[in-house]
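*Asks:* This is the structure I want to talk about, given as structure tokens.
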Amino acid sequence: MTQLPDGRFVDDAPYDPQQSIRQIERADLDAPNWLLVWRRFRQHKLGLISGVFLLLCYLMLPIAGFISPYTPNERHSDHLYAPPQGIHLWHEGRFIGPHVYPMTSKANLETFKWEFVPDTENPARLRFFCEGSTYKLAGLIPSDTHLFCAPEGSTVFVWGSDRLGRDVFSRILYGAQLSLTVGLIGITVSFVLGIFFGSIAGYFGGGIDWVINRAIEILRSLPELPLWLALSAAVPSNWGPVSVFFIISVILGILDWPGLARSVRAKFLALREEEYVRAAEMMGASSGRVIRRHLIPNFTSHLIASATLSIPAMILGETALSYLGLGLRAPAVSWGVMLNDAQNLVNVELYWWTAIPMLPIIIVVLAFNFLGDGLRDSLDPYHS
Amino acid sequence: MAILRYALYRFATMLLTLVVVSALIFLIINLPPGDYLSNQIAELRSTGQTAGVAKAEFLRTEYALDRPLWEQYLIWVGFAPGPQGFSGLIQGNFGWSFEFDRPVSEIVGDSLWLTVLVNLAAVLFVYLVALPLGVLAAARSRTWVDYTSAFVGYLGLATPNFLLALILFYYGHRWFNLPIGGLMDPAFEGQPMSWDKVQSILLHLIVPTFVIGTSGAAAMMQRLRANLLDELGKPYVETAIAKGMSPPRMLVKYPLRMAFNPFVADIGNLLPAMVSGSVLVSVVLGLQTIGPTLLTALKTQDQFLAGFVLMFVALLTLVGTMISDVLLMLLDPRIRYEGRKA
């Protein structure tokens, strides 16, 4: 620091007009990868919203029992096919808090339908943090506290009730537990197989490559659904719901790996010629180590994006299988099992709310697609 | 000549693939423990019907079900002589359906042609819809046309096929008075082909075609749009515009041709998904294709019927893929799959 004769202070270091700009660039170059990815991803609004939504969905899974007013297989024999009850806040222009109007069922002997008449005179207030039927929180901790339950002497069917008088809303929440995790397990199976076969084909080449490549081509040229059907028809009918669930997810994954294996193989073919791979080999690293430590981390981001884009196909696959009666079976609850009820047109026309489970399916599948698109665009931050 | 050679080569690989596929399918349908006949024999024994047992035992030896699995496979395909000599799939004997107590060929009969028809209609639909919409979305990119088509495309991808089928059936019947269920009016079933029957089939085809084709069309449209957008940024397009060519003419004459290859090649990727979709949609809508047959056959372990239907479905996709590969070669003479000449 020198003081000029006129009293101003001036820095001794030479002035560099580019410095401030370069600092910003430098910061960008030094920033960790995840920060760059995140910055890029944040601009993809639709992907961001979808990601947050899916995160909330998955966080909801362990506490589904708490949020839903009923347990999934609780039957209300006097409320079969009850229409959705609106939750109101104002009664006759007066605010009295969330309440429903109790419904009484009456058999119409001309149409042979149950008709439900809401009693608009007597609003029944919802109870909160109340005791209901017991469930297990996260499948472990038994509890009987629900976020909200039906008022005394009334019911609360937010989205109506089904053929056996079970609450559709509660069943959708419980169904999410299976429908959303089936894709995760399936994708894990598909990943393990895809990376394994793809990497040995790409890394070793030659005969192994030829065999795996033919297998991939054959599997990719076959229609998936008939094979899924055939495989799930082979699941013994005396298995419990949990084992059926696992085997179905495995079946979904088994036919999905060829696509992944193909892209992994292509990457390996390109990467195995790089100097750092040669260097690792020279230093005596085993093939397994080169693949695991040096090659696969190179395209994990690519893998994550393609996984996100494959999950919806599995969710839709599970739904289709269960819908046809070859996937999950009652008493297991999944969205496909629920839609099994909406199989014929007459049902959908008379009781439209039995088709509500299609909404979460469509929304979740869309969200996964948007999230996957966003991830794919942002996971490679050095590529503009 | 090169094309003919390529077609022959492609045909040979397809046959080889079919052999592998047949082994795979045979393995899958034999996964469940037991088979239809031994289940039936056990059931008949427990109810004490000896006459039935004798018949089932006869069928068991007749169809070589008492032999080891690999022998059964060879006999089924027709590579090895069975009890009646060589008589398997390649000799045109599709086996016996135990559930219906009739030969498989009788049961599937007409439904084979209807299956091909439904899938052909869906492929045509994909092309007819995806081509104009994809071009439009690219030419008017980042306008409401583009966004609407992208939104509809996404929705088409996200809606499960069978739900779309139910919804469209419901509203198609309500608003346009389209027929519900089946591929033809019940009056025409088993009747010889006539103009009225053709009309009835065409009318019944509308909804299934739409349902099966939508997701494929959406994917294809996005692909065409992306390819066209890539081409539209190139200098030759600028030259054409600078020359004073009208935009539609320019678009069709140059970039569209460039973007057209993947359009044909993609059908090979799309076909398996579409055949899958047609099986599911047929079950939901009760079409007389082999979809519902497959489902019942699988549920009752009617192994020859299930095996034949699976083989047919696989054959359909393989032939479709082969045709698309050969077409691609005809369309673009630059594409050659042979090795490089030294």
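Within each chain, counting starts at residue 1; across the structure tokens, chains are named A, B, ... in the order shown, with ligands numbered 1 upward in that order.
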As a list of chain:residue names, please: the residues near A:Ser179 (cut-off 6 Å, only C-alpha atoms, same-chain neighbours under 3 positions excluded).

*Replies:* A:Ala176, A:Val182, A:Ser334

*Asks:* Considering only C-alpha atoms, give me a table of residues in chain B that are at most 7 Å from chain A, with the closest atom pair and distance in Å for each, as JSON lines.

*Replies:*
{"residue": "B:Thr17", "atom": "CA", "partner": "A:Ile218", "partner_atom": "CA", "distance": 6.6}
{"residue": "B:Ile28", "atom": "CA", "partner": "A:Leu231", "partner_atom": "CA", "distance": 6.4}
{"residue": "B:Ile29", "atom": "CA", "partner": "A:Ala230", "partner_atom": "CA", "distance": 6.5}
{"residue": "B:Leu31", "atom": "CA", "partner": "A:Ala234", "partner_atom": "CA", "distance": 5.8}
{"residue": "B:Pro32", "atom": "CA", "partner": "A:Ala234", "partner_atom": "CA", "distance": 4.5}
{"residue": "B:Ala158", "atom": "CA", "partner": "A:Ile362", "partner_atom": "CA", "distance": 5.3}
{"residue": "B:Thr159", "atom": "CA", "partner": "A:Ile362", "partner_atom": "CA", "distance": 5.5}
{"residue": "B:Pro160", "atom": "CA", "partner": "A:Leu316", "partner_atom": "CA", "distance": 6.2}
{"residue": "B:Leu166", "atom": "CA", "partner": "A:Leu345", "partner_atom": "CA", "distance": 6.8}
{"residue": "B:Tyr170", "atom": "CA", "partner": "A:Leu345", "partner_atom": "CA", "distance": 6.9}
{"residue": "B:Pro272", "atom": "CA", "partner": "A:Pro223", "partner_atom": "CA", "distance": 4.1}
{"residue": "B:Ala273", "atom": "CA", "partner": "A:Pro223", "partner_atom": "CA", "distance": 5.8}
{"residue": "B:Val275", "atom": "CA", "partner": "A:Pro223", "partner_atom": "CA", "distance": 6.1}
{"residue": "B:Ser276", "atom": "CA", "partner": "A:Leu225", "partner_atom": "CA", "distance": 5.0}
{"residue": "B:Leu298", "atom": "CA", "partner": "A:Ala233", "partner_atom": "CA", "distance": 6.1}
{"residue": "B:Lys299", "atom": "CA", "partner": "A:Ala233", "partner_atom": "CA", "distance": 6.2}
{"residue": "B:Leu310", "atom": "CA", "partner": "A:Pro226", "partner_atom": "CA", "distance": 6.9}
{"residue": "B:Ala314", "atom": "CA", "partner": "A:Leu222", "partner_atom": "CA", "distance": 5.7}
{"residue": "B:Thr317", "atom": "CA", "partner": "A:Ser221", "partner_atom": "CA", "distance": 6.7}
{"residue": "B:Leu318", "atom": "CA", "partner": "A:Ser221", "partner_atom": "CA", "distance": 6.5}

*Asks:* Could those residues be written to a file, using C-alpha atoms, as an mmCIF file, in the first residue's frame?

*Replies:*
data_model
loop_
_atom_site.group_PDB
_atom_site.id
_atom_site.type_symbol
_atom_site.label_atom_id
_atom_site.label_comp_id
_atom_site.auth_asym_id
_atom_site.auth_seq_id
_atom_site.Cartn_x
_atom_site.Cartn_y
_atom_site.Cartn_z
ATOM 1 C CA THR B 17 -32.619 -66.485 -33.238
ATOM 2 C CA ILE B 28 -40.245 -70.690 -19.345
ATOM 3 C CA ILE B 29 -43.500 -72.547 -19.888
ATOM 4 C CA LEU B 31 -40.962 -73.579 -15.119
ATOM 5 C CA PRO B 32 -44.101 -74.188 -13.052
ATOM 6 C CA ALA B 158 -47.519 -42.280 -18.896
ATOM 7 C CA THR B 159 -51.020 -43.695 -19.201
ATOM 8 C CA PRO B 160 -51.089 -47.473 -18.926
ATOM 9 C CA LEU B 166 -61.094 -48.478 -21.066
ATOM 10 C CA TYR B 170 -66.250 -45.660 -22.829
ATOM 11 C CA PRO B 272 -41.727 -55.574 -29.380
ATOM 12 C CA ALA B 273 -43.382 -52.929 -27.218
ATOM 13 C CA VAL B 275 -46.879 -56.423 -29.757
ATOM 14 C CA SER B 276 -46.741 -56.468 -25.948
ATOM 15 C CA LEU B 298 -50.759 -69.622 -19.095
ATOM 16 C CA LYS B 299 -53.198 -69.720 -16.214
ATOM 17 C CA LEU B 310 -45.489 -67.175 -27.410
ATOM 18 C CA ALA B 314 -41.901 -63.703 -31.051
ATOM 19 C CA THR B 317 -41.657 -59.174 -33.869
ATOM 20 C CA LEU B 318 -38.656 -60.870 -35.442
#

*Asks:* Just the residues within 10 Å of A:His294, please, counting only C-alpha atoms, with nothing from its chain fewer than 3 positions along; format it as a PyMOL selection string.

*Replies:* chain A and resi 271-272+276-277+280+288-291+297-298

*Asks:* Using atom CA of A:Gly374 and atom CA of A:Val52 as the two end points, give the distance in Å to one decimal.

*Replies:*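 Separating atom CA of A:Gly374 from atom CA of A:Val52 is a distance of 12.5 Å.
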
*Asks:* Please, what distance in Å, to one decimal, runs between atom CA of B:Val77 and atom CA of B:Phe304?

*Replies:*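 Between atom CA of B:Val77 and atom CA of B:Phe304 the gap works out to 10.7 Å.
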
*Asks:* Identify which of the residues A:Gly65, A:Gly153, A:Gly336, A:Pro142 lies closest to A:Ser322, counting only C-alpha atoms when measuring atom-to-atom distances.

*Replies:*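 Distance minimum relative to A:Ser322 lands on A:Gly336.
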
*Asks:* Can you pull out the residues contacting B:Pro248? Cut-off 9 Å, using only C-alpha atoms, and skip same-chain residues under 4 positions away; I want them as a list of chain:residue names.

*Replies:*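 That gives B:Ala139, B:Val252, B:Lys253.
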
*Asks:* Would you mind exporting C-alpha atoms of the selected residues as a short mmCIF file (atom, residue, chain, number, x, y, z; two decimals), in the first residue's frame?

*Replies:*
data_model
loop_
_atom_site.label_atom_id
_atom_site.label_comp_id
_atom_site.auth_asym_id
_atom_site.auth_seq_id
_atom_site.Cartn_x
_atom_site.Cartn_y
_atom_site.Cartn_z
CA ALA B 139 -41.10 -26.74 -37.93
CA VAL B 252 -39.75 -31.80 -47.33
CA LYS B 253 -37.03 -31.73 -49.97
#

*Asks:* Write out as a list in words which residues come within 12 Å of B:Val19 when counting only C-alpha atoms, dropping same-chain ones fewer than 2 positions away.

*Replies:* Ile218 of chain A; Ala12, Thr13, Met14, Leu15, Leu16, Thr17, Val21, Ser22, Ala23, Leu24, Ile25, Phe26, Tyr73, Leu74, Trp76, Val77, Gly78, Phe79, Leu89, Ile90, Met311, Ala314, Leu315 and Leu318 of chain B

*Asks:* Which polymer residues have any atom within 8 Å of an atom of A:His76, counting only C-alpha atoms, with same-chain residues fewer than 6 positions away left out, as a VMD selection string?

*Replies:* chain A and resid 164 to 166

*Asks:* Those residues with C-alpha atoms, as a short mmCIF file (atom, residue, chain, number, x, y, z; two decimals), in the first residue's frame please?

*Replies:*
data_model
loop_
_atom_site.label_atom_id
_atom_site.label_comp_id
_atom_site.auth_asym_id
_atom_site.auth_seq_id
_atom_site.Cartn_x
_atom_site.Cartn_y
_atom_site.Cartn_z
CA LEU A 164 -66.12 -54.64 -0.30
CA GLY A 165 -66.58 -51.29 1.41
CA ARG A 166 -62.88 -50.57 1.79
#

*Asks:* Per DSSP on the backbone, what are the strand (DSSP E) residues of stretch 135-273 of chain A, as a list of chain:residue names?

*Replies:* A:Tyr135, A:Lys136, A:Leu137, A:Ile141, A:Pro142, A:Ser143, A:Asp144, A:Thr145, A:His146, A:Leu147, A:Phe148, A:Cys149

*Asks:* Could you take the residues named above and write them with N, CA and C atoms, as a PDB file, in the first residue's frame?

*Replies:*
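This went into out11.pdb:
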ATOM      1  N   TYR A 135     -52.008 -50.462  13.131  1.00  0.00           N
ATOM      2  CA  TYR A 135     -51.185 -50.707  11.966  1.00  0.00           C
ATOM      3  C   TYR A 135     -49.747 -50.692  12.443  1.00  0.00           C
ATOM      4  N   LYS A 136     -48.817 -50.975  11.556  1.00  0.00           N
ATOM      5  CA  LYS A 136     -47.409 -50.931  11.946  1.00  0.00           C
ATOM      6  C   LYS A 136     -46.706 -49.794  11.230  1.00  0.00           C
ATOM      7  N   LEU A 137     -46.123 -48.899  12.001  1.00  0.00           N
ATOM      8  CA  LEU A 137     -45.400 -47.783  11.431  1.00  0.00           C
ATOM      9  C   LEU A 137     -44.106 -48.319  10.822  1.00  0.00           C
ATOM     10  N   ILE A 141     -43.140 -50.618  14.066  1.00  0.00           N
ATOM     11  CA  ILE A 141     -43.672 -50.143  15.342  1.00  0.00           C
ATOM     12  C   ILE A 141     -45.195 -50.183  15.309  1.00  0.00           C
ATOM     13  N   PRO A 142     -45.816 -50.984  16.173  1.00  0.00           N
ATOM     14  CA  PRO A 142     -47.270 -51.005  16.176  1.00  0.00           C
ATOM     15  C   PRO A 142     -47.818 -49.691  16.743  1.00  0.00           C
ATOM     16  N   SER A 143     -48.877 -49.201  16.130  1.00  0.00           N
ATOM     17  CA  SER A 143     -49.452 -47.934  16.578  1.00  0.00           C
ATOM     18  C   SER A 143     -50.927 -47.923  16.215  1.00  0.00           C
ATOM     19  N   ASP A 144     -51.711 -47.065  16.866  1.00  0.00           N
ATOM     20  CA  ASP A 144     -53.111 -46.945  16.439  1.00  0.00           C
ATOM     21  C   ASP A 144     -53.529 -45.490  16.322  1.00  0.00           C
ATOM     22  N   THR A 145     -52.547 -44.580  16.251  1.00  0.00           N
ATOM     23  CA  THR A 145     -52.874 -43.174  16.082  1.00  0.00           C
ATOM     24  C   THR A 145     -52.932 -42.852  14.592  1.00  0.00           C
ATOM     25  N   HIS A 146     -54.004 -42.198  14.184  1.00  0.00           N
ATOM     26  CA  HIS A 146     -54.132 -41.795  12.791  1.00  0.00           C
ATOM     27  C   HIS A 146     -54.166 -40.282  12.713  1.00  0.00           C
ATOM     28  N   LEU A 147     -53.748 -39.751  11.573  1.00  0.00           N
ATOM     29  CA  LEU A 147     -53.758 -38.302  11.388  1.00  0.00           C
ATOM     30  C   LEU A 147     -55.178 -37.774  11.529  1.00  0.00           C
ATOM     31  N   PHE A 148     -56.115 -38.414  10.853  1.00  0.00           N
ATOM     32  CA  PHE A 148     -57.522 -38.043  11.034  1.00  0.00           C
ATOM     33  C   PHE A 148     -58.369 -39.293  10.909  1.00  0.00           C
ATOM     34  N   CYS A 149     -59.485 -39.330  11.623  1.00  0.00           N
ATOM     35  CA  CYS A 149     -60.385 -40.466  11.447  1.00  0.00           C
ATOM     36  C   CYS A 149     -61.816 -39.988  11.349  1.00  0.00           C
TER      37      CYS A 149
END

*Asks:* Could you give me the residues within stretch 108-314 of chain B that DSSP places in helix (DSSP H, G or I), as a PyMOL selection string?

*Replies:* chain B and resi 108-139+144-158+161-176+186-188+195-232+235-242+247-253+255-265+267-285+290-299+303-314

*Asks:* With only C-alpha atoms as the atoms that count, which of A:Gly284, A:Lys113, A:Pro17, A:Ser105 lies nearest to A:Asn347?

*Replies:*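 Under the stated criterion, the closest residue is A:Lys113.
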
*Asks:* Can you list, as JSON, numbers by chain, every protein, DNA or RNA residue that comes within 8 Å of A:Leu252 when you count only C-alpha atoms, leaving out same-chain residues fewer than 4 positions away?

*Replies:* {"A": [186, 228, 248, 256, 314, 317, 318]}

*Asks:* Between B:Val118, B:Leu203, B:Val53, B:Ala187, which has the minimum distance to B:Ser278 (counting only C-alpha atoms)?

*Replies:*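 Among B:Val118, B:Leu203, B:Val53, B:Ala187, it is B:Val118 that comes nearest to B:Ser278.
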
*Asks:* What does the distance from atom CA of B:Arg257 to atom CA of B:Leu316 come to in Å, to one decimal?

*Replies:*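 Atom CA of B:Leu316 lies 28.3 Å from atom CA of B:Arg257.
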
*Asks:* Which of these, B:Leu251, B:Leu136, B:Leu114, B:Ala2, has the shortest distance to B:Ile201 once you count only C-alpha atoms?

*Replies:*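 The closest residue to B:Ile201 is B:Leu114.
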